[in-house]
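K.L.:
Have a look at this one before I ask anything.
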Amino acid sequence: MDAAGAAMKVGLFAAAYIGAGVAFAQARDTTFVITDTSVVQGTFSAIAVTRDRIETNYPRAPREVMFKFSINGQDNEFPPGTDHMIYVRPRAGKITTPIYQFGRVDAPRTPAPEDAPPSEEGTAQVTFRLDMRPVLASFRGRGSYDPPNGPPVRRRDFTGVYIVGNAEPLTWDFSVLEPGSPFELTDPNRDGIYTVTLPFESIYTRPADDSGRAVWVRKRDIARFPELVSSQRLIDALYRLSLEELVELRRDDGALMAGAKWEGIWTRDVSWGALLGMAPIAPDEVRRSLLVKVDSSGRIIQDTGTGGSWPVSTDRMAWALAAWELYAVTGDREWLRQCYDIIRRSAEDDLAVAFDSATGLFRGESSFLDWREQSYPAWMDPRDIYQSQSLGTNALHHATYTVLSRMAAALGESPARWDSVATRVRQGMNTHLWLSENGYYGQFRYGRVHHSLSPRAEGLGEALAIIYGVAGNEQREVLARRVPVVPFGVPSFWPYIGDQPPYHNAGIWPQVVGFWTWAAAEAGNAAAVEHGLASIHRAAALFLTNKENMVAASGHFEGTELNSDRLIGSVGANLATVIRVLFGMRFEYDRLAFRPVVPRAYDGERTLRNFRYRGATLTITVRGFGSSVATATLDGRPLPKPEIPAGLTGAHTIELTMNGDVMASSLNVVANRSAPATPLVALRGGRLVWRPVPRAVSYAIYQNGRRISVTTSAQARVEQGNGLAEYQVMAVDASGIGSFLSEPIRVVPADAVMRAEPAGSDGDPTQADDGGSVELTTGTNTEVHFPIEVPVAGVYAIDARYANGSGPINSGDKAAIRSLVVDGTRVGSLVMPHRGADLWTDWGYSSVLTTWLSQGSHTLTLAYTNVDRNMNGAVNRALVDHLRLTRLAER
């Protein structure tokens with residue numbers, strides 16, 4: 001869809017309108033239109049009455065109550081990270097929930113804003129209803145019930161069912177759950193439906209006026225920030241709303257919290273906020289926040305991620321990009337020296353543990369997409385996620401080594417090593433992740449021993465590839481017009497996972513849209529810029545806050561799994577529409593350059609006053625529209641380029657006049673689509689077999705990461721070779737959209753698999769508690785030897801059978817890491833992520849390393865070295881039963 005085609009949907013309109021390409025189809029065939037003062041979406045509207053007041057009749061964001069039920073006061077309904085959720089928006093002072101079934105995950109809900117009840121104030125009496133009949137039937141039939149989380153509950157031990165949650169009067173404190181407490185559900189009708197009614201205060205993001213319209217009125221002092229004055233009052237008001245939310249994000253210690261719901265400081269999130277718009281206008285808060293995320297050893301903290309944090313997740317290096325941006329803004333040499341050493345130490349660890357020299361790519365979870373079920377096929381566990389090589393994560397690793405090179409040069413040190421790594425990552429991304437037939441990069445490489453590329457587009461990674469120079473000039477032009485976007489914005493990835501509710505999956509995150517809009521400006525694609533601006537401004541104006549996310553299909557904030565007001569990345573994205581796009585600021589170590597892109601519909605004049613850059617205080621004016629600056633002046637004198645030197649001091653006026661020319665551009669607006677479900681494949685009698693997948697018209701068969709055949713049946717014959725072959729199946733629908741590949745099936749002759757026991761051990765590897773395993777900690781068994789006799793030379797895949805009960809699968813910081821040393825030479829690190837809190841009897845295999853082994857005797861060693869330090873530092877523990885060696889098939 002090109003910009004002209006979009007304009008036709010709203011008809012011809014005058015220059016006062018903003019958004020010649022901002023009319024997009026929605027779930028109910030309505031459109032939204034953005035003008036200089038308003039957003040109109042069907043029956044809803046938001047109006048910037050002044051630059052400090054916005055009014056809207058869109059449903060107010062209500063209080064969210066996260067909760068789950070409990071048998072006998074135990075945390076046994078769901079594993080950590082899964083809850084029920086309701087919105088406290090009563091009718092006549094009451095809410096009656098759906099009937100939940102104990103242990104059943106709620107079906108995804110995507111409510112439409114048109115269906116929201118009025119936003120009543122006051123206390124709501126909420127009646128929670130729980131179907132306990134399957135539990136009671138299990139008690140009668142088996143004498144016990146096996147809950148989704150925790151040990152079985154015997155019938156004779158059943159004392160009651162309770163509710164816990166995040167909002168008063170609920171609590172997450174399970175110790176208060178006892179018979180007769182306010183949190184106990186009862187079954188007065190003896191029909192198996194248990195209920196309890198509790199009072200909740202109706203709390204909304206914004207107050208309502210007498211007519212019932214939600215209102216934002218600025219209350220915070222924002223005088224210390226640059227002031228925006230333009231001919232588009234809506235943008236001015238949203239900029240000021242975002243400045244106020246930036247003030248509200250500031251904690252008492254001067255650092256920036258992650259959002260209204262998240263008082264902590266998260267490495268990645270504060271870095272994204274800083275990059276998008278906060279470093280130039282709140283450098284002190286950004287510096288304080290970044291320093292909080294450095295550990296006692298002077299390394300960047302990976303505070304979120306699957307299976308025990310780093311190195312399953314490695315996107316902590318977003319910190320490096322924010323640190324460089326802070327230096328480029330301030331010119332602070334002490335900060336440059338300090339942050340260079342922090343980044344260097346962290347990079348050294350990544351190179352040792354997470355870098356794959358064969359592909360030139362770093363391993364680790366997709367940046368910010370760290371809710372495993374939301375982003376990956378269900379079969380991928382934390383070791384698989386560690387081994388994956390993700391687009392967004394590699395884009396920021398490339399940027400990190402580019403930053404290290406610039407820092408080294410600025411400090412008078414050699415940048416050669418860092419340049420070399422950056423080049424290898426860029427080449428690796430363009431070799432292994434670029435999909436020339438699609439015109440964008442694939443989401444990630446994944447598998448076990450053999451990897452293949454998921455062809456889904458991933459919005460953040462595509463944007464970072466443009467911004468940080470992974471994509472060449474021709475590639476970035478193609479990217480900007482070929483990356484799939486949907487009417488309400490840029491989804492986290494596309495197509496979606498069909499059986500997962502919206503959040504990362506099937507969701508739009510303004511921080512992703514912010515980076516994408518910046519990237520579109522770099523690529524000179526005005527249609528994509530306009531689409532991004534509209535996405536961010538529509539949501540903030542209607543919601544009256546910079547929400548964490550929205551449902552991709554409806555553009556509504558209700559219906560995602562979690563959603564916070566004033567998420568730091570979303571606030572940053574709104575600021576980026578001004579700083580990065582409409583003013584086009586690019587901060588370098590020796591200058592401030594201006595590369596604004598102003599779509600035709602945004603024609604006019606806009607001025608930023610009191611903008612501080614190093615020793616200068618600037619008044620910056622941009623006039624007109626266009627894809628580049630035609631003329632630039634400093635204090636009335638022409639500039640040869642639209643940039644100023646870093647050494648400029650004092651008060652100055654910069655005037656930029658656009659070229660009045662927006663090159664023809666287009667974008668790839670697609671339908672909200674999910675891919676077919678991932679096939680569940682088994683090996684039976686030399687054949688792969690699976691149940692037919694709904695919507696699938698064919699199945700692609702993969703061997704060792706490569707497509708070898710296509711079939712329309714639900715089975716395929718496999719051949720056994722002289723070593724390991726991995727087989728996978730992809731379901732493909734009528735439009736050619738493929739599922740994730742199925743879990744790899746190992747087809748391998750028995751004589752190609754060996755196991756190496758710890759020296760002196762004779763344990764049975766099928767048992768978890770046989771005494772044959774060895775405990776690895778930071779202080780004991782720091783070197784464990786595994787002698788092995790190799791009968792046939794070849795390339796072997798080596799992994800460890802282990803247990804790690806130091807934390808849950810979805811969080812924590814105690815992933816176990818050990819270097820694998822073969823005959824005295826380090827091959828790499830084996831990563832053994834969490835397998836469940838206190839689950840030391842749950843065994844599985846670690847990540848895989850491959851190496852050539854000659855025929856004869858070898859000694860394999862698991863060693864704890866300096867590079868194997870995890871994020872916790874003190875607890876780096878695993879039980880290891882044996883090493884498995886699998887000879888790969890000869891090609």
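If you're wondering about the labels, chains in the structure tokens are A, B, ... by order shown, residues count from 1 in each chain, ligands from 1 in order shown.
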Going by DSSP on the backbone, which bits of range 217-391 of chain A are strand (DSSP E)? Write them as a VMD selection string, please.
P.N.:
chain A and resid 217 227 to 230 355 to 356 361 to 362 389 to 390
K.L.:
Restricting it to N, CA, C and O atoms, dump the selection as a compact mmCIF listing (two decimals), in the first residue's frame.
P.N.:
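Final file, result.txt:
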```txt
# COMPACT_ATOMS: atom_id res chain seq x y z
N VAL A 217 -4.48 16.22 32.19
CA VAL A 217 -4.09 17.61 32.40
C VAL A 217 -2.71 17.58 33.04
O VAL A 217 -2.50 16.92 34.06
N GLU A 227 11.45 22.59 25.22
CA GLU A 227 10.04 22.91 24.96
C GLU A 227 9.77 22.80 23.46
O GLU A 227 10.49 23.37 22.64
N LEU A 228 8.70 22.07 23.12
CA LEU A 228 8.29 21.92 21.72
C LEU A 228 7.08 22.81 21.45
O LEU A 228 6.09 22.74 22.16
N VAL A 229 7.18 23.60 20.41
CA VAL A 229 6.07 24.41 19.93
C VAL A 229 5.97 24.21 18.43
O VAL A 229 6.95 24.43 17.70
N SER A 230 4.80 23.77 17.96
CA SER A 230 4.64 23.51 16.54
C SER A 230 3.24 23.90 16.10
O SER A 230 2.40 24.30 16.91
N PHE A 355 29.51 -16.63 21.66
CA PHE A 355 29.83 -16.40 20.25
C PHE A 355 30.05 -17.71 19.52
O PHE A 355 30.76 -18.60 20.01
N ASP A 356 29.42 -17.84 18.35
CA ASP A 356 29.59 -19.01 17.50
C ASP A 356 30.51 -18.64 16.35
O ASP A 356 30.11 -17.93 15.43
N LEU A 361 27.84 -15.42 14.62
CA LEU A 361 26.67 -14.90 15.33
C LEU A 361 26.75 -15.24 16.81
O LEU A 361 27.39 -16.21 17.21
N PHE A 362 26.07 -14.42 17.59
CA PHE A 362 25.97 -14.67 19.03
C PHE A 362 24.71 -15.47 19.33
O PHE A 362 23.67 -15.31 18.70
N GLN A 389 20.14 -18.26 17.54
CA GLN A 389 20.88 -17.07 17.12
C GLN A 389 19.86 -16.09 16.53
O GLN A 389 19.35 -16.30 15.43
N SER A 390 19.55 -15.07 17.31
CA SER A 390 18.39 -14.23 17.07
C SER A 390 18.75 -12.93 16.37
O SER A 390 19.83 -12.36 16.59
```
K.L.:
Using only C-alpha atoms, which residues sit within 6 Å of His84 in chain A once same-chain residues fewer than 4 positions away are excluded, as a list in words?
P.N.:
Met66, Phe67 and Lys68 of chain A
K.L.:
Near Ala167 in chain A, counting only C-alpha atoms, which residues have an atom at most 10 Å away, once you skip same-chain residues fewer than 3 positions from it, shown as a list in words?
P.N.:
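Contacts, in chain order: Arg63, Glu64, Val65, Met66, Phe67, Val164, Leu170, Thr171, Trp172, Phe200 and Glu201 of chain A.
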K.L.:
Can you list every residue in range 637-868 of chain A that DSSP puts in helix (DSSP H, G or I), as JSON, numbers by chain?
P.N.:
{"A": [750, 751, 752, 866, 867, 868]}
K.L.:
Determine the nearest neighbour of Val551 in chain A from the options A:Tyr496, A:Tyr796, A:Phe174, A:Tyr589, counting only C-alpha atoms.
P.N.:
A:Tyr496
K.L.:
Which polymer residues have any atom within 6 Å of an atom of range 868-881 of chain A, counting only C-alpha atoms, with same-chain residues fewer than 4 positions away left out, as a ChimeraX atom specification?
P.N.:
/A:773-777,801-804,813-814,816-818
K.L.:
Near Gly469 in chain A, counting only C-alpha atoms, which residues have an atom at most 10 Å away, once you skip same-chain residues fewer than 6 positions from it, shown as a tab-separated table (two decimals) with N, CA, C and O atoms, in the first residue's frame?
P.N.:
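File result-v4.tsv, as written:
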```
chain	number	residue	atom	x	y	z
A	395	ALA	N	21.76	-7.97	16.16
A	395	ALA	CA	21.86	-6.57	15.72
A	395	ALA	C	22.46	-5.71	16.82
A	395	ALA	O	23.31	-4.85	16.56
A	398	HIS	N	26.20	-6.53	17.16
A	398	HIS	CA	26.96	-5.81	16.13
A	398	HIS	C	27.15	-4.36	16.53
A	398	HIS	O	28.26	-3.81	16.43
A	399	ALA	N	26.08	-3.74	17.00
A	399	ALA	CA	26.18	-2.34	17.42
A	399	ALA	C	27.13	-2.18	18.60
A	399	ALA	O	27.86	-1.19	18.71
A	402	THR	N	30.66	-2.14	17.37
A	402	THR	CA	30.87	-0.86	16.69
A	402	THR	C	31.11	0.24	17.72
A	402	THR	O	32.00	1.08	17.57
A	426	ARG	N	28.19	-8.69	11.32
A	426	ARG	CA	27.43	-8.16	10.18
A	426	ARG	C	27.42	-9.17	9.04
A	426	ARG	O	26.38	-9.43	8.42
A	476	ARG	N	18.45	-1.75	3.17
A	476	ARG	CA	17.58	-1.00	4.08
A	476	ARG	C	16.40	-0.40	3.35
A	476	ARG	O	15.30	-0.28	3.91
```
K.L.:
Between A:Arg566, A:Arg614, A:Arg363, A:Arg706, which has the minimum distance to Leu249 in chain A (counting only C-alpha atoms)?
P.N.:
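Looking at the shortest contact to Leu249 in chain A, the residue is A:Arg566.
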K.L.:
Would you kindly return, as a list in words, each protein, DNA or RNA residue with an atom no farther than 6 Å from any atom of range 447-463 of chain A, considering only C-alpha atoms and excluding same-chain residues fewer than 3 positions away?
P.N.:
Leu391, Gly392, Gly442, Gln443, Phe444, Ile466, Ser492, Phe493, Trp494, Val512, Phe515, Trp516, Ala519, Asn704 and Gly705 of chain A
K.L.:
Since we have the selection now, will you write its residues out, keeping N, CA and C atoms, as a PDB file, in the first residue's frame?
P.N.:
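Final file, selection02.pdb:
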```pdb
ATOM      1  N   LEU A 391      17.820 -12.453  15.579  1.00  0.00           N
ATOM      2  CA  LEU A 391      18.040 -11.243  14.793  1.00  0.00           C
ATOM      3  C   LEU A 391      18.289 -10.025  15.667  1.00  0.00           C
ATOM      4  N   GLY A 392      17.329  -9.685  16.538  1.00  0.00           N
ATOM      5  CA  GLY A 392      17.467  -8.469  17.332  1.00  0.00           C
ATOM      6  C   GLY A 392      18.672  -8.503  18.240  1.00  0.00           C
ATOM      7  N   GLY A 442      15.299 -12.998   8.820  1.00  0.00           N
ATOM      8  CA  GLY A 442      14.510 -13.966   9.561  1.00  0.00           C
ATOM      9  C   GLY A 442      14.648 -13.772  11.061  1.00  0.00           C
ATOM     10  N   GLN A 443      13.718 -14.342  11.771  1.00  0.00           N
ATOM     11  CA  GLN A 443      13.573 -14.126  13.218  1.00  0.00           C
ATOM     12  C   GLN A 443      14.738 -14.689  14.027  1.00  0.00           C
ATOM     13  N   PHE A 444      15.057 -15.954  13.807  1.00  0.00           N
ATOM     14  CA  PHE A 444      16.180 -16.581  14.504  1.00  0.00           C
ATOM     15  C   PHE A 444      16.520 -17.913  13.834  1.00  0.00           C
ATOM     16  N   ILE A 466      18.800  -1.702  10.415  1.00  0.00           N
ATOM     17  CA  ILE A 466      18.913  -0.473   9.621  1.00  0.00           C
ATOM     18  C   ILE A 466      19.678   0.593  10.393  1.00  0.00           C
ATOM     19  N   SER A 492       5.492  -7.292  17.042  1.00  0.00           N
ATOM     20  CA  SER A 492       6.790  -7.797  17.525  1.00  0.00           C
ATOM     21  C   SER A 492       7.368  -8.800  16.543  1.00  0.00           C
ATOM     22  N   PHE A 493       6.532  -9.692  16.048  1.00  0.00           N
ATOM     23  CA  PHE A 493       6.924 -10.576  14.953  1.00  0.00           C
ATOM     24  C   PHE A 493       5.662 -10.977  14.193  1.00  0.00           C
ATOM     25  N   TRP A 494       5.862 -11.433  12.987  1.00  0.00           N
ATOM     26  CA  TRP A 494       4.732 -11.815  12.126  1.00  0.00           C
ATOM     27  C   TRP A 494       5.187 -12.917  11.211  1.00  0.00           C
ATOM     28  N   VAL A 512       8.972  -0.808  19.988  1.00  0.00           N
ATOM     29  CA  VAL A 512       9.370  -1.398  18.711  1.00  0.00           C
ATOM     30  C   VAL A 512       8.995  -0.455  17.568  1.00  0.00           C
ATOM     31  N   PHE A 515      11.531   2.419  17.341  1.00  0.00           N
ATOM     32  CA  PHE A 515      12.758   2.084  16.626  1.00  0.00           C
ATOM     33  C   PHE A 515      12.488   1.906  15.132  1.00  0.00           C
ATOM     34  N   TRP A 516      11.345   1.306  14.788  1.00  0.00           N
ATOM     35  CA  TRP A 516      11.031   1.095  13.385  1.00  0.00           C
ATOM     36  C   TRP A 516      10.827   2.430  12.661  1.00  0.00           C
ATOM     37  N   ALA A 519      14.130   3.862  12.066  1.00  0.00           N
ATOM     38  CA  ALA A 519      14.780   3.130  10.978  1.00  0.00           C
ATOM     39  C   ALA A 519      14.198   3.534   9.624  1.00  0.00           C
ATOM     40  N   ASN A 704      18.621 -32.259   8.992  1.00  0.00           N
ATOM     41  CA  ASN A 704      19.796 -31.482   9.406  1.00  0.00           C
ATOM     42  C   ASN A 704      19.680 -30.015   9.018  1.00  0.00           C
ATOM     43  N   GLY A 705      18.471 -29.465   9.235  1.00  0.00           N
ATOM     44  CA  GLY A 705      18.246 -28.040   9.025  1.00  0.00           C
ATOM     45  C   GLY A 705      17.957 -27.640   7.598  1.00  0.00           C
TER      46      GLY A 705
END
```
K.L.:
May I have the residues within 12 Å of range 179-184 of chain A as a PDB file with N, CA, C and O atoms, in the first residue's frame, using only C-alpha atoms and disregarding those fewer than 5 positions away in the same chain?
P.N.:
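File produced: part-v4.pdb:
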```
ATOM      1  N   PHE A  67      -4.531 -12.850  39.297  1.00  0.00           N
ATOM      2  CA  PHE A  67      -4.836 -13.737  40.422  1.00  0.00           C
ATOM      3  C   PHE A  67      -4.760 -15.188  39.978  1.00  0.00           C
ATOM      4  O   PHE A  67      -4.737 -15.510  38.787  1.00  0.00           O
ATOM      5  N   LYS A  68      -4.686 -16.058  40.967  1.00  0.00           N
ATOM      6  CA  LYS A  68      -4.857 -17.482  40.722  1.00  0.00           C
ATOM      7  C   LYS A  68      -5.408 -18.138  41.973  1.00  0.00           C
ATOM      8  O   LYS A  68      -5.447 -17.527  43.064  1.00  0.00           O
ATOM      9  N   PHE A  69      -5.840 -19.358  41.802  1.00  0.00           N
ATOM     10  CA  PHE A  69      -6.461 -20.083  42.904  1.00  0.00           C
ATOM     11  C   PHE A  69      -5.451 -21.033  43.545  1.00  0.00           C
ATOM     12  O   PHE A  69      -4.398 -21.337  42.966  1.00  0.00           O
ATOM     13  N   SER A  70      -5.778 -21.491  44.718  1.00  0.00           N
ATOM     14  CA  SER A  70      -4.850 -22.306  45.508  1.00  0.00           C
ATOM     15  C   SER A  70      -5.612 -23.392  46.243  1.00  0.00           C
ATOM     16  O   SER A  70      -6.621 -23.109  46.907  1.00  0.00           O
ATOM     17  N   ILE A  71      -5.139 -24.621  46.118  1.00  0.00           N
ATOM     18  CA  ILE A  71      -5.678 -25.714  46.921  1.00  0.00           C
ATOM     19  C   ILE A  71      -4.797 -25.869  48.155  1.00  0.00           C
ATOM     20  O   ILE A  71      -3.571 -25.938  48.050  1.00  0.00           O
ATOM     21  N   ASN A  72      -5.429 -25.846  49.307  1.00  0.00           N
ATOM     22  CA  ASN A  72      -4.730 -26.043  50.591  1.00  0.00           C
ATOM     23  C   ASN A  72      -3.669 -24.984  50.857  1.00  0.00           C
ATOM     24  O   ASN A  72      -2.672 -25.238  51.547  1.00  0.00           O
ATOM     25  N   GLY A  73      -3.844 -23.786  50.286  1.00  0.00           N
ATOM     26  CA  GLY A  73      -2.905 -22.707  50.563  1.00  0.00           C
ATOM     27  C   GLY A  73      -1.565 -22.849  49.883  1.00  0.00           C
ATOM     28  O   GLY A  73      -0.616 -22.152  50.256  1.00  0.00           O
ATOM     29  N   THR A 127     -17.269 -10.972  42.312  1.00  0.00           N
ATOM     30  CA  THR A 127     -17.527 -12.362  42.656  1.00  0.00           C
ATOM     31  C   THR A 127     -16.717 -13.263  41.737  1.00  0.00           C
ATOM     32  O   THR A 127     -16.901 -13.268  40.517  1.00  0.00           O
ATOM     33  N   PHE A 128     -15.770 -13.976  42.339  1.00  0.00           N
ATOM     34  CA  PHE A 128     -14.928 -14.920  41.610  1.00  0.00           C
ATOM     35  C   PHE A 128     -15.595 -16.297  41.645  1.00  0.00           C
ATOM     36  O   PHE A 128     -16.066 -16.747  42.702  1.00  0.00           O
ATOM     37  N   ARG A 129     -15.611 -16.971  40.502  1.00  0.00           N
ATOM     38  CA  ARG A 129     -16.263 -18.279  40.403  1.00  0.00           C
ATOM     39  C   ARG A 129     -15.269 -19.311  39.880  1.00  0.00           C
ATOM     40  O   ARG A 129     -14.564 -19.068  38.899  1.00  0.00           O
ATOM     41  N   LEU A 130     -15.226 -20.453  40.536  1.00  0.00           N
ATOM     42  CA  LEU A 130     -14.245 -21.491  40.219  1.00  0.00           C
ATOM     43  C   LEU A 130     -14.923 -22.850  40.141  1.00  0.00           C
ATOM     44  O   LEU A 130     -15.584 -23.287  41.094  1.00  0.00           O
ATOM     45  N   PHE A 158      -7.432 -32.590  51.677  1.00  0.00           N
ATOM     46  CA  PHE A 158      -8.041 -31.382  51.114  1.00  0.00           C
ATOM     47  C   PHE A 158      -8.734 -30.588  52.229  1.00  0.00           C
ATOM     48  O   PHE A 158      -9.621 -31.085  52.911  1.00  0.00           O
ATOM     49  N   THR A 159      -8.295 -29.314  52.391  1.00  0.00           N
ATOM     50  CA  THR A 159      -8.879 -28.458  53.435  1.00  0.00           C
ATOM     51  C   THR A 159      -9.610 -27.248  52.885  1.00  0.00           C
ATOM     52  O   THR A 159     -10.382 -26.625  53.600  1.00  0.00           O
ATOM     53  N   GLY A 160      -9.344 -26.891  51.624  1.00  0.00           N
ATOM     54  CA  GLY A 160     -10.042 -25.728  51.085  1.00  0.00           C
ATOM     55  C   GLY A 160      -9.367 -25.187  49.849  1.00  0.00           C
ATOM     56  O   GLY A 160      -8.255 -25.584  49.472  1.00  0.00           O
ATOM     57  N   VAL A 161     -10.057 -24.241  49.199  1.00  0.00           N
ATOM     58  CA  VAL A 161      -9.530 -23.594  48.001  1.00  0.00           C
ATOM     59  C   VAL A 161      -9.584 -22.087  48.221  1.00  0.00           C
ATOM     60  O   VAL A 161     -10.539 -21.563  48.819  1.00  0.00           O
ATOM     61  N   TYR A 162      -8.556 -21.385  47.756  1.00  0.00           N
ATOM     62  CA  TYR A 162      -8.374 -19.972  48.093  1.00  0.00           C
ATOM     63  C   TYR A 162      -7.997 -19.187  46.834  1.00  0.00           C
ATOM     64  O   TYR A 162      -7.757 -19.757  45.758  1.00  0.00           O
ATOM     65  N   ILE A 163      -7.896 -17.891  47.016  1.00  0.00           N
ATOM     66  CA  ILE A 163      -7.505 -17.011  45.926  1.00  0.00           C
ATOM     67  C   ILE A 163      -6.390 -16.088  46.394  1.00  0.00           C
ATOM     68  O   ILE A 163      -6.401 -15.617  47.540  1.00  0.00           O
ATOM     69  N   VAL A 164      -5.410 -15.866  45.535  1.00  0.00           N
ATOM     70  CA  VAL A 164      -4.325 -14.926  45.794  1.00  0.00           C
ATOM     71  C   VAL A 164      -4.203 -14.014  44.579  1.00  0.00           C
ATOM     72  O   VAL A 164      -4.668 -14.346  43.482  1.00  0.00           O
ATOM     73  N   GLY A 165      -3.594 -12.844  44.771  1.00  0.00           N
ATOM     74  CA  GLY A 165      -3.466 -11.936  43.639  1.00  0.00           C
ATOM     75  C   GLY A 165      -2.664 -10.703  43.962  1.00  0.00           C
ATOM     76  O   GLY A 165      -2.116 -10.553  45.056  1.00  0.00           O
ATOM     77  N   GLU A 168      -5.067  -5.215  46.220  1.00  0.00           N
ATOM     78  CA  GLU A 168      -5.844  -5.279  47.458  1.00  0.00           C
ATOM     79  C   GLU A 168      -7.326  -5.422  47.139  1.00  0.00           C
ATOM     80  O   GLU A 168      -7.828  -4.820  46.198  1.00  0.00           O
ATOM     81  N   PRO A 169      -7.998  -6.265  47.922  1.00  0.00           N
ATOM     82  CA  PRO A 169      -7.564  -6.903  49.180  1.00  0.00           C
ATOM     83  C   PRO A 169      -6.772  -8.187  48.999  1.00  0.00           C
ATOM     84  O   PRO A 169      -6.410  -8.813  49.994  1.00  0.00           O
ATOM     85  N   LEU A 170      -6.504  -8.626  47.751  1.00  0.00           N
ATOM     86  CA  LEU A 170      -5.740  -9.842  47.543  1.00  0.00           C
ATOM     87  C   LEU A 170      -4.269  -9.620  47.870  1.00  0.00           C
ATOM     88  O   LEU A 170      -3.781  -8.495  47.911  1.00  0.00           O
ATOM     89  N   THR A 171      -3.562 -10.711  48.074  1.00  0.00           N
ATOM     90  CA  THR A 171      -2.129 -10.688  48.331  1.00  0.00           C
ATOM     91  C   THR A 171      -1.527 -11.932  47.706  1.00  0.00           C
ATOM     92  O   THR A 171      -2.220 -12.940  47.496  1.00  0.00           O
ATOM     93  N   TRP A 172      -0.221 -11.867  47.389  1.00  0.00           N
ATOM     94  CA  TRP A 172       0.486 -13.059  46.918  1.00  0.00           C
ATOM     95  C   TRP A 172       1.061 -13.874  48.086  1.00  0.00           C
ATOM     96  O   TRP A 172       1.766 -14.855  47.863  1.00  0.00           O
ATOM     97  N   ASP A 173       0.756 -13.493  49.298  1.00  0.00           N
ATOM     98  CA  ASP A 173       1.280 -14.177  50.479  1.00  0.00           C
ATOM     99  C   ASP A 173       0.420 -15.408  50.778  1.00  0.00           C
ATOM    100  O   ASP A 173      -0.684 -15.306  51.322  1.00  0.00           O
ATOM    101  N   PHE A 174       0.926 -16.582  50.407  1.00  0.00           N
ATOM    102  CA  PHE A 174       0.165 -17.820  50.592  1.00  0.00           C
ATOM    103  C   PHE A 174       0.027 -18.192  52.066  1.00  0.00           C
ATOM    104  O   PHE A 174      -0.834 -19.000  52.414  1.00  0.00           O
ATOM    105  N   TYR A 194     -17.271 -23.084  43.266  1.00  0.00           N
ATOM    106  CA  TYR A 194     -16.882 -22.359  44.468  1.00  0.00           C
ATOM    107  C   TYR A 194     -16.830 -20.859  44.154  1.00  0.00           C
ATOM    108  O   TYR A 194     -16.438 -20.465  43.046  1.00  0.00           O
ATOM    109  N   THR A 195     -17.225 -20.050  45.149  1.00  0.00           N
ATOM    110  CA  THR A 195     -17.258 -18.606  44.927  1.00  0.00           C
ATOM    111  C   THR A 195     -16.742 -17.854  46.148  1.00  0.00           C
ATOM    112  O   THR A 195     -16.732 -18.375  47.268  1.00  0.00           O
ATOM    113  N   VAL A 196     -16.311 -16.624  45.890  1.00  0.00           N
ATOM    114  CA  VAL A 196     -16.011 -15.670  46.942  1.00  0.00           C
ATOM    115  C   VAL A 196     -16.216 -14.274  46.360  1.00  0.00           C
ATOM    116  O   VAL A 196     -15.948 -14.043  45.176  1.00  0.00           O
ATOM    117  N   THR A 197     -16.729 -13.363  47.182  1.00  0.00           N
ATOM    118  CA  THR A 197     -16.941 -11.988  46.744  1.00  0.00           C
ATOM    119  C   THR A 197     -16.065 -11.060  47.579  1.00  0.00           C
ATOM    120  O   THR A 197     -16.074 -11.123  48.811  1.00  0.00           O
ATOM    121  N   LEU A 198     -15.301 -10.220  46.883  1.00  0.00           N
ATOM    122  CA  LEU A 198     -14.360  -9.325  47.540  1.00  0.00           C
ATOM    123  C   LEU A 198     -14.491  -7.921  46.969  1.00  0.00           C
ATOM    124  O   LEU A 198     -14.828  -7.745  45.790  1.00  0.00           O
ATOM    125  N   PRO A 199     -14.209  -6.901  47.786  1.00  0.00           N
ATOM    126  CA  PRO A 199     -14.316  -5.516  47.303  1.00  0.00           C
ATOM    127  C   PRO A 199     -13.008  -5.023  46.681  1.00  0.00           C
ATOM    128  O   PRO A 199     -11.923  -5.247  47.236  1.00  0.00           O
TER     129      PRO A 199
END
```
K.L.:
If I take CA of Phe78 in chain A and CA of Phe368 in chain A, how far is one from the other in Å, to one decimal?
P.N.:
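So the two atoms, CA of Phe78 in chain A and CA of Phe368 in chain A, lie 23.2 Å apart.
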K.L.:
Suppose you want the space between CA of Thr423 in chain A and CA of Met407 in chain A; what is it in Å?
P.N.:
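According to the coordinates, CA of Thr423 in chain A and CA of Met407 in chain A are separated by 16.4 Å.
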K.L.:
So, counting only C-alpha atoms, which residue among A:Arg609, A:Arg684, A:Arg51, A:Lys547 is closest to Trp509 in chain A?
P.N.:
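The shortest atom-to-atom distance to Trp509 in chain A comes from A:Lys547.
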K.L.:
I need the residue nearest Tyr613 in chain A from this list: A:Ile281, A:Met550, A:Leu849, A:Leu860. Use only C-alpha atoms for the distance.
P.N.:
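Between A:Ile281, A:Met550, A:Leu849, A:Leu860, the residue approaching Tyr613 in chain A most closely is A:Ile281.
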